[in-house]
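Colleague: Contents are mmCIF, C-alpha atoms; chains and numbers go by the auth columns; file name coords.cif:
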data_protein
#
loop_
_atom_site.group_PDB
_atom_site.id
_atom_site.type_symbol
_atom_site.label_atom_id
_atom_site.label_comp_id
_atom_site.label_asym_id
_atom_site.label_seq_id
_atom_site.Cartn_x
_atom_site.Cartn_y
_atom_site.Cartn_z
_atom_site.B_iso_or_equiv
_atom_site.auth_seq_id
_atom_site.auth_asym_id
ATOM 1 C CA ALA A 1 -5.932 21.130 -18.500 0.00 30 S
ATOM 2 C CA LEU A 2 -7.957 19.837 -15.545 0.00 31 S
ATOM 3 C CA PHE A 3 -9.917 17.509 -17.819 0.00 32 S
ATOM 4 C CA LEU A 4 -6.714 16.075 -19.269 0.00 33 S
ATOM 5 C CA ILE A 5 -5.250 15.443 -15.818 0.00 34 S
ATOM 6 C CA ARG A 6 -8.500 13.841 -14.654 0.00 35 S
ATOM 7 C CA GLU A 7 -8.482 11.636 -17.718 0.00 36 S
ATOM 8 C CA ALA A 8 -4.815 10.730 -17.236 0.00 37 S
ATOM 9 C CA VAL A 9 -5.161 9.881 -13.532 0.00 38 S
ATOM 10 C CA ALA A 10 -8.699 9.137 -12.304 0.00 39 S
ATOM 11 C CA ASP A 11 -9.964 7.627 -15.530 0.00 40 S
ATOM 12 C CA ARG A 12 -6.768 5.588 -15.924 0.00 41 S
ATOM 13 C CA ILE A 13 -7.153 4.232 -12.373 0.00 42 S
ATOM 14 C CA ASN A 14 -10.757 3.250 -13.115 0.00 43 S
ATOM 15 C CA GLN A 15 -9.808 1.641 -16.434 0.00 44 S
ATOM 16 C CA THR A 16 -6.910 -0.254 -14.852 0.00 45 S
ATOM 17 C CA THR A 17 -9.271 -1.525 -12.156 0.00 46 S
ATOM 18 C CA LYS A 18 -11.714 -2.753 -14.790 0.00 47 S
ATOM 19 C CA ASP A 19 -8.919 -4.402 -16.792 0.00 48 S
ATOM 20 C CA VAL A 20 -7.500 -6.193 -13.737 0.00 49 S
ATOM 21 C CA THR A 21 -10.948 -7.276 -12.558 0.00 50 S
ATOM 22 C CA ASP A 22 -11.746 -8.742 -15.971 0.00 51 S
ATOM 23 C CA ALA A 23 -8.324 -10.365 -16.454 0.00 52 S
ATOM 24 C CA LEU A 24 -8.357 -12.073 -13.056 0.00 53 S
ATOM 25 C CA ASN A 25 -12.124 -12.662 -12.900 0.00 54 S
ATOM 26 C CA LEU A 26 -12.124 -11.025 -9.457 0.00 55 S
ATOM 27 C CA LYS A 27 -15.892 -10.753 -9.228 0.00 56 S
ATOM 28 C CA ARG A 28 -16.081 -14.524 -8.705 0.00 57 S
ATOM 29 C CA ASP A 29 -12.604 -15.844 -7.932 0.00 58 S
ATOM 30 C CA PRO A 30 -10.473 -14.358 -5.155 0.00 59 S
ATOM 31 C CA ILE A 31 -6.704 -14.320 -5.522 0.00 60 S
ATOM 32 C CA GLY A 32 -4.792 -16.586 -3.168 0.00 61 S
ATOM 33 C CA ALA A 33 -3.243 -14.529 -0.374 0.00 62 S
ATOM 34 C CA ASP A 34 0.172 -16.006 -1.146 0.00 63 S
ATOM 35 C CA LYS A 35 -0.081 -14.815 -4.774 0.00 64 S
ATOM 36 C CA LEU A 36 -1.622 -11.402 -4.119 0.00 65 S
ATOM 37 C CA GLU A 37 1.576 -9.351 -3.968 0.00 66 S
ATOM 38 C CA ALA A 38 2.826 -10.569 -7.365 0.00 67 S
ATOM 39 C CA SER A 39 -0.566 -10.353 -9.078 0.00 68 S
ATOM 40 C CA LEU A 40 -1.867 -7.810 -11.557 0.00 69 S
ATOM 41 C CA VAL A 41 -3.605 -6.099 -8.631 0.00 70 S
ATOM 42 C CA TYR A 42 -0.212 -4.599 -7.766 0.00 71 S
ATOM 43 C CA THR A 43 1.904 -4.826 -10.912 0.00 72 S
ATOM 44 C CA ARG A 44 -0.531 -2.898 -13.097 0.00 73 S
ATOM 45 C CA PHE A 45 -0.931 -0.167 -10.503 0.00 74 S
ATOM 46 C CA HIS A 46 2.815 0.154 -9.994 0.00 75 S
ATOM 47 C CA GLY A 47 3.037 0.522 -13.753 0.00 76 S
ATOM 48 C CA ILE A 48 0.789 3.599 -13.825 0.00 77 S
ATOM 49 C CA SER A 49 1.932 5.131 -10.545 0.00 78 S
ATOM 50 C CA SER A 50 4.971 7.063 -11.772 0.00 79 S
ATOM 51 C CA ARG A 51 3.176 9.096 -14.418 0.00 80 S
ATOM 52 C CA SER A 52 0.164 9.551 -12.159 0.00 81 S
ATOM 53 C CA ASN A 53 2.408 10.818 -9.355 0.00 82 S
ATOM 54 C CA ALA A 54 3.925 13.450 -11.639 0.00 83 S
ATOM 55 C CA LEU A 55 0.483 14.720 -12.655 0.00 84 S
ATOM 56 C CA ILE A 56 -0.829 14.607 -9.096 0.00 85 S
ATOM 57 C CA GLY A 57 2.232 16.620 -8.042 0.00 86 S
ATOM 58 C CA ILE A 58 1.158 19.363 -10.453 0.00 87 S
ATOM 59 C CA VAL A 59 -2.352 19.317 -9.016 0.00 88 S
ATOM 60 C CA LYS A 60 -1.023 19.430 -5.437 0.00 89 S
ATOM 61 C CA ALA A 61 1.197 22.403 -6.256 0.00 90 S
ATOM 62 C CA ARG A 62 -1.838 24.316 -7.530 0.00 91 S
ATOM 63 C CA ALA A 63 -4.426 23.036 -5.044 0.00 92 S
ATOM 64 C CA ASP A 64 -4.140 26.114 -2.848 0.00 93 S
ATOM 65 C CA ARG A 65 -4.820 28.437 -5.802 0.00 94 S
ATOM 66 C CA THR A 66 -8.308 27.323 -6.790 0.00 95 S
ATOM 67 C CA GLU A 67 -10.924 24.967 -5.483 0.00 96 S
ATOM 68 C CA GLN A 68 -11.030 23.144 -8.836 0.00 97 S
ATOM 69 C CA TYR A 69 -7.567 21.689 -8.263 0.00 98 S
ATOM 70 C CA GLN A 70 -8.532 20.593 -4.737 0.00 99 S
ATOM 71 C CA ASP A 71 -11.675 18.944 -6.151 0.00 100 S
ATOM 72 C CA LEU A 72 -9.578 17.167 -8.789 0.00 101 S
ATOM 73 C CA LEU A 73 -7.163 15.903 -6.134 0.00 102 S
ATOM 74 C CA THR A 74 -10.107 14.625 -4.070 0.00 103 S
ATOM 75 C CA MET A 75 -11.558 12.937 -7.152 0.00 104 S
ATOM 76 C CA CYS A 76 -8.239 11.204 -7.859 0.00 105 S
ATOM 77 C CA ARG A 77 -7.942 9.997 -4.258 0.00 106 S
ATOM 78 C CA ASN A 78 -11.538 8.751 -4.247 0.00 107 S
ATOM 79 C CA ALA A 79 -11.007 6.915 -7.546 0.00 108 S
ATOM 80 C CA TYR A 80 -7.830 5.338 -6.165 0.00 109 S
ATOM 81 C CA CYS A 81 -9.334 4.263 -2.834 0.00 110 S
ATOM 82 C CA GLY A 82 -12.523 2.958 -4.451 0.00 111 S
ATOM 83 C CA SER A 83 -10.575 0.924 -6.962 0.00 112 S
ATOM 84 C CA ARG A 84 -8.258 -0.583 -4.359 0.00 113 S
ATOM 85 C CA GLU A 85 -11.218 -1.523 -2.182 0.00 114 S
ATOM 86 C CA SER A 86 -13.067 -3.177 -5.059 0.00 115 S
ATOM 87 C CA LEU A 87 -9.953 -5.121 -6.091 0.00 116 S
ATOM 88 C CA LEU A 88 -9.073 -6.368 -2.603 0.00 117 S
ATOM 89 C CA ARG A 89 -12.433 -6.861 -0.860 0.00 118 S
ATOM 90 C CA LEU A 90 -13.221 -10.410 -2.039 0.00 119 S
ATOM 91 C CA THR A 91 -9.650 -11.654 -1.630 0.00 120 S
ATOM 92 C CA VAL A 92 -9.275 -10.316 1.926 0.00 121 S
ATOM 93 C CA ARG A 93 -12.672 -11.633 3.017 0.00 122 S
ATOM 94 C CA SER A 94 -11.957 -15.038 1.486 0.00 123 S
ATOM 95 C CA HIS A 95 -8.554 -15.290 3.155 0.00 124 S
ATOM 96 C CA LEU A 96 -9.932 -14.314 6.583 0.00 125 S
ATOM 97 C CA ASP A 97 -12.761 -16.844 6.237 0.00 126 S
ATOM 98 C CA LYS A 98 -10.262 -19.600 5.346 0.00 127 S
ATOM 99 C CA LEU A 99 -8.119 -18.696 8.350 0.00 128 S
ATOM 100 C CA ARG A 100 -11.135 -18.898 10.656 0.00 129 S
ATOM 101 C CA GLU A 101 -12.151 -22.290 9.249 0.00 130 S
ATOM 102 C CA ARG A 102 -8.640 -23.764 9.506 0.00 131 S
ATOM 103 C CA HIS A 103 -7.340 -22.244 12.732 0.00 132 S
ATOM 104 C CA GLY A 104 -10.320 -21.212 14.838 0.00 133 S
ATOM 105 C CA LEU A 105 -10.862 -17.746 16.233 0.00 134 S
ATOM 106 C CA VAL A 106 -7.594 -17.398 18.168 0.00 135 S
ATOM 107 C CA GLY A 107 -5.401 -18.711 15.358 0.00 136 S
ATOM 108 C CA MET A 108 -7.292 -16.637 12.814 0.00 137 S
ATOM 109 C CA THR A 109 -6.765 -13.497 14.867 0.00 138 S
ATOM 110 C CA ARG A 110 -3.022 -14.087 15.102 0.00 139 S
ATOM 111 C CA LEU A 111 -2.562 -14.996 11.440 0.00 140 S
ATOM 112 C CA ALA A 112 -4.987 -12.356 10.176 0.00 141 S
ATOM 113 C CA SER A 113 -3.045 -9.702 12.055 0.00 142 S
ATOM 114 C CA VAL A 114 0.148 -10.651 10.241 0.00 143 S
ATOM 115 C CA PHE A 115 -1.668 -10.760 6.901 0.00 144 S
ATOM 116 C CA LEU A 116 -3.372 -7.400 7.412 0.00 145 S
ATOM 117 C CA ILE A 117 -0.173 -5.701 8.584 0.00 146 S
ATOM 118 C CA ARG A 118 1.590 -6.911 5.443 0.00 147 S
ATOM 119 C CA LEU A 119 -1.343 -5.839 3.263 0.00 148 S
ATOM 120 C CA CYS A 120 -1.411 -2.385 4.865 0.00 149 S
ATOM 121 C CA THR A 121 2.334 -2.003 4.350 0.00 150 S
ATOM 122 C CA ILE A 122 2.041 -2.864 0.660 0.00 151 S
ATOM 123 C CA GLU A 123 -1.011 -0.648 0.203 0.00 152 S
ATOM 124 C CA THR A 124 0.704 2.272 1.942 0.00 153 S
ATOM 125 C CA SER A 125 3.693 1.894 -0.344 0.00 154 S
ATOM 126 C CA LEU A 126 1.463 1.855 -3.413 0.00 155 S
ATOM 127 C CA TYR A 127 -0.528 4.868 -2.175 0.00 156 S
ATOM 128 C CA LEU A 128 2.704 6.797 -1.688 0.00 157 S
ATOM 129 C CA ASP A 129 3.768 5.804 -5.202 0.00 158 S
ATOM 130 C CA PHE A 130 0.677 7.633 -6.429 0.00 159 S
ATOM 131 C CA PHE A 131 0.223 10.497 -3.976 0.00 160 S
ATOM 132 C CA GLY A 132 3.529 10.831 -2.098 0.00 161 S
ATOM 133 C CA ASP A 133 6.135 13.499 -2.652 0.00 162 S
ATOM 134 C CA LYS A 134 8.876 11.665 -4.577 0.00 163 S
ATOM 135 C CA GLU A 135 11.638 14.089 -3.566 0.00 164 S
ATOM 136 C CA LYS A 136 10.872 13.802 0.153 0.00 165 S
ATOM 137 C CA MET A 137 10.657 10.022 -0.047 0.00 166 S
ATOM 138 C CA GLU A 138 14.028 9.818 -1.815 0.00 167 S
ATOM 139 C CA GLN A 139 15.632 12.136 0.758 0.00 168 S
ATOM 140 C CA ARG A 140 14.294 10.003 3.636 0.00 169 S
ATOM 141 C CA LYS A 141 15.496 6.818 1.975 0.00 170 S
ATOM 142 C CA LYS A 142 18.917 8.352 1.310 0.00 171 S
ATOM 143 C CA GLY A 143 19.152 9.443 4.957 0.00 172 S
ATOM 144 C CA ARG A 144 18.243 5.954 6.181 0.00 173 S
ATOM 145 C CA ASP A 145 20.783 4.383 3.823 0.00 174 S
ATOM 146 C CA GLU A 146 23.512 6.698 5.121 0.00 175 S
ATOM 147 C CA GLU A 147 22.646 5.870 8.739 0.00 176 S
ATOM 148 C CA THR A 148 22.843 2.167 7.957 0.00 177 S
ATOM 149 C CA LYS A 149 26.223 2.530 6.238 0.00 178 S
ATOM 150 C CA GLU A 150 27.638 4.548 9.138 0.00 179 S
ATOM 151 C CA GLY A 151 26.323 2.023 11.636 0.00 180 S
ATOM 152 C CA GLY A 152 24.661 4.783 13.642 0.00 181 S
ATOM 153 C CA ASP A 153 22.785 4.210 16.868 0.00 182 S
ATOM 154 C CA ASN A 154 19.409 2.519 16.368 0.00 183 S
ATOM 155 C CA ALA A 155 19.820 2.542 12.584 0.00 184 S
ATOM 156 C CA ASP A 156 18.072 -0.820 12.516 0.00 185 S
ATOM 157 C CA ASP A 157 14.620 -0.415 14.053 0.00 186 S
ATOM 158 C CA THR A 158 14.128 -4.188 14.066 0.00 187 S
ATOM 159 C CA SER A 159 16.768 -4.759 16.736 0.00 188 S
ATOM 160 C CA PRO A 160 15.634 -6.251 20.045 0.00 189 S
ATOM 161 C CA ASP A 161 16.441 -3.007 21.882 0.00 190 S
ATOM 162 C CA ALA A 162 14.289 -1.021 19.446 0.00 191 S
ATOM 163 C CA ALA A 163 11.447 -3.500 19.964 0.00 192 S
ATOM 164 C CA VAL A 164 11.769 -3.142 23.733 0.00 193 S
ATOM 165 C CA SER A 165 11.839 0.639 23.419 0.00 194 S
ATOM 166 C CA ALA A 166 8.811 0.628 21.105 0.00 195 S
ATOM 167 C CA ALA A 167 6.901 -1.531 23.589 0.00 196 S
ATOM 168 C CA GLY A 168 7.376 0.987 26.380 0.00 197 S
ATOM 169 C CA GLY A 169 10.223 -0.832 28.074 0.00 198 S
ATOM 170 C CA ARG A 170 8.564 -4.256 27.918 0.00 199 S
ATOM 171 C CA LYS A 171 9.989 -6.978 25.731 0.00 200 S
ATOM 172 C CA THR A 172 7.624 -7.906 22.953 0.00 201 S
ATOM 173 C CA THR A 173 7.241 -11.499 21.828 0.00 202 S
ATOM 174 C CA ALA A 174 9.647 -10.965 18.926 0.00 203 S
ATOM 175 C CA ALA A 175 12.169 -9.206 21.135 0.00 204 S
ATOM 176 C CA ALA A 176 11.851 -11.846 23.832 0.00 205 S
ATOM 177 C CA ALA A 177 12.230 -14.660 21.316 0.00 206 S
ATOM 178 C CA SER A 178 15.328 -13.131 19.803 0.00 207 S
ATOM 179 C CA THR A 179 17.022 -12.596 23.158 0.00 208 S
ATOM 180 C CA THR A 180 16.003 -15.670 25.145 0.00 209 S
ATOM 181 C CA ASN A 181 17.778 -18.382 23.176 0.00 210 S
ATOM 182 C CA PRO A 182 21.095 -17.245 21.759 0.00 211 S
ATOM 183 C CA ALA A 183 21.883 -20.782 20.550 0.00 212 S
ATOM 184 C CA GLN A 184 19.273 -20.417 17.813 0.00 213 S
ATOM 185 C CA GLN A 185 20.802 -17.217 16.461 0.00 214 S
#
Would you put the structure from the file into structure tokens?
Modeller:
Amino acid sequence: ALFLIREAVADRINQTTKDVTDALNLKRDPIGADKLEASLVYTRFHGISSRSNALIGIVKARADRTEQYQDLLTMCRNAYCGSRESLLRLTVRSHLDKLRERHGLVGMTRLASVFLIRLCTIETSLYLDFFGDKEKMEQRKKGRDEETKEGGDNADDTSPDAAVSAAGGRKTTAAAASTTNPAQQ
């Protein structure tokens, strides 16, 4: 049973990585940062995440019983992280180098921060598609949806007040920009 799960998850991740690398010629040609999110780097992995999550859930449920299940879970995580790193390394480096060439160090830092935050958000979502607890994620999403429908206090964490609160009482640039010129809103 452990071999079959390893084959269905870790080996599938490795095979998908190889397929995507070959299809996009990633060893030589980076993907444009503006096309990354819609590329095979994400679509293929989203395609295998649902079945992998179900199998990983079985392994997680049994991980406390024997060390073999814990080792299998570690192997699946290592395969996943290694594959994501190999798929993204050249593209991220290329994009950061282009930003430095075009915008200098200060501009690169600002723009790279936005790019890396977006990349981390997407990668976190994909990781949770593989290794997250689907029931807990659905319950959290349902709770957030209900808060939004009811119009509860601070239901929208992107509001200027939430940004001020998150910044320790100081207005952040986004919060300041959204509150300083009401004519633009």
Colleague: Quick one: distance from atom CA of S:Leu125 to atom CA of S:Thr153 in Å, one decimal?
Modeller: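 Pair atom CA of S:Leu125 / atom CA of S:Thr153 returns 20.2 Å.
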Colleague: Expand the PyMOL selection byres ((chain S and resi 80) around 12) into the explicit residue set it covers here, and present it as a ChimeraX atom specification.
Modeller: /S:34,37-38,41-42,74-79,81-87,158-160,163
Colleague: With all atoms listed in the file as the basis for distance, which of S:Leu116, S:Met104, S:Ala90, S:Ala62 is at the shortest distance from S:Leu140?
Modeller: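 Ranked by minimum distance to S:Leu140, first place goes to S:Ala62.
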Colleague: Could you work out how far atom CA of S:Gly61 lies from atom CA of S:Leu134, giving the answer in Å with one decimal?
Modeller: 20.4 Å
Colleague: What's the separation between atom CA of S:His132 and atom CA of S:Leu119, in Å to one decimal place?
Modeller: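 Interatomic distance here is 19.8 Å.
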Colleague: Tell me which of S:Thr120, S:Thr46, S:Thr95, S:Phe32 sits closest to S:Lys64, counting all atoms listed in the file.
Modeller: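 Checking each of S:Thr120, S:Thr46, S:Thr95, S:Phe32 against S:Lys64, counting all atoms listed in the file, the winner is S:Thr120.
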Colleague: Using only C-alpha atoms, which of S:Leu33, S:Tyr98, S:Gly161, S:Arg73 sits nearest S:Ala52?
Modeller: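 Checking each candidate against S:Ala52, we get S:Arg73 as the closest.
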Colleague: Could you spell out the hits of the PyMOL selection byres ((chain S and resi 108) around 9) on the shown file, as a ChimeraX atom specification?
Modeller: /S:38-40,42-43,103-107,109-113
Colleague: Expand the PyMOL selection byres ((chain S and resi 58) around 12) into the explicit residue set it covers here, and present it as a list in words.
Modeller: Thr50, Asp51, Ala52, Leu53, Asn54, Leu55, Lys56, Arg57, Pro59, Ile60, Gly61, Leu116, Leu117, Arg118, Leu119, Thr120, Val121, Arg122, Ser123 and His124 of chain S
Colleague: Take the residues from that selection and write them out as a CSV table (one decimal), keeping the file's coordinate frame, keeping C-alpha atoms.
Modeller:
chain,number,residue,atom,x,y,z
S,50,THR,CA,-10.9,-7.3,-12.6
S,51,ASP,CA,-11.7,-8.7,-16.0
S,52,ALA,CA,-8.3,-10.4,-16.5
S,53,LEU,CA,-8.4,-12.1,-13.1
S,54,ASN,CA,-12.1,-12.7,-12.9
S,55,LEU,CA,-12.1,-11.0,-9.5
S,56,LYS,CA,-15.9,-10.8,-9.2
S,57,ARG,CA,-16.1,-14.5,-8.7
S,59,PRO,CA,-10.5,-14.4,-5.2
S,60,ILE,CA,-6.7,-14.3,-5.5
S,61,GLY,CA,-4.8,-16.6,-3.2
S,116,LEU,CA,-10.0,-5.1,-6.1
S,117,LEU,CA,-9.1,-6.4,-2.6
S,118,ARG,CA,-12.4,-6.9,-0.9
S,119,LEU,CA,-13.2,-10.4,-2.0
S,120,THR,CA,-9.6,-11.7,-1.6
S,121,VAL,CA,-9.3,-10.3,1.9
S,122,ARG,CA,-12.7,-11.6,3.0
S,123,SER,CA,-12.0,-15.0,1.5
S,124,HIS,CA,-8.6,-15.3,3.2
Colleague: Given only C-alpha atoms as the basis, pick out the residue of S:Ile151, S:Glu114, S:Glu36, S:Ala141 nearest to S:Asp126.
Modeller: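 The closest residue to S:Asp126 is S:Ala141.
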Colleague: For stretch 47-57 of chain S, what centre and edge lengths in Å (one decimal) does the axis-aligned box get once 5 Å is added on each side of all its listed atoms, as lines of an AutoDock Vina configuration file?
Modeller:
center_x = -11.8
center_y = -8.6
center_z = -12.7
size_x = 18.6
size_y = 21.8
size_z = 18.1
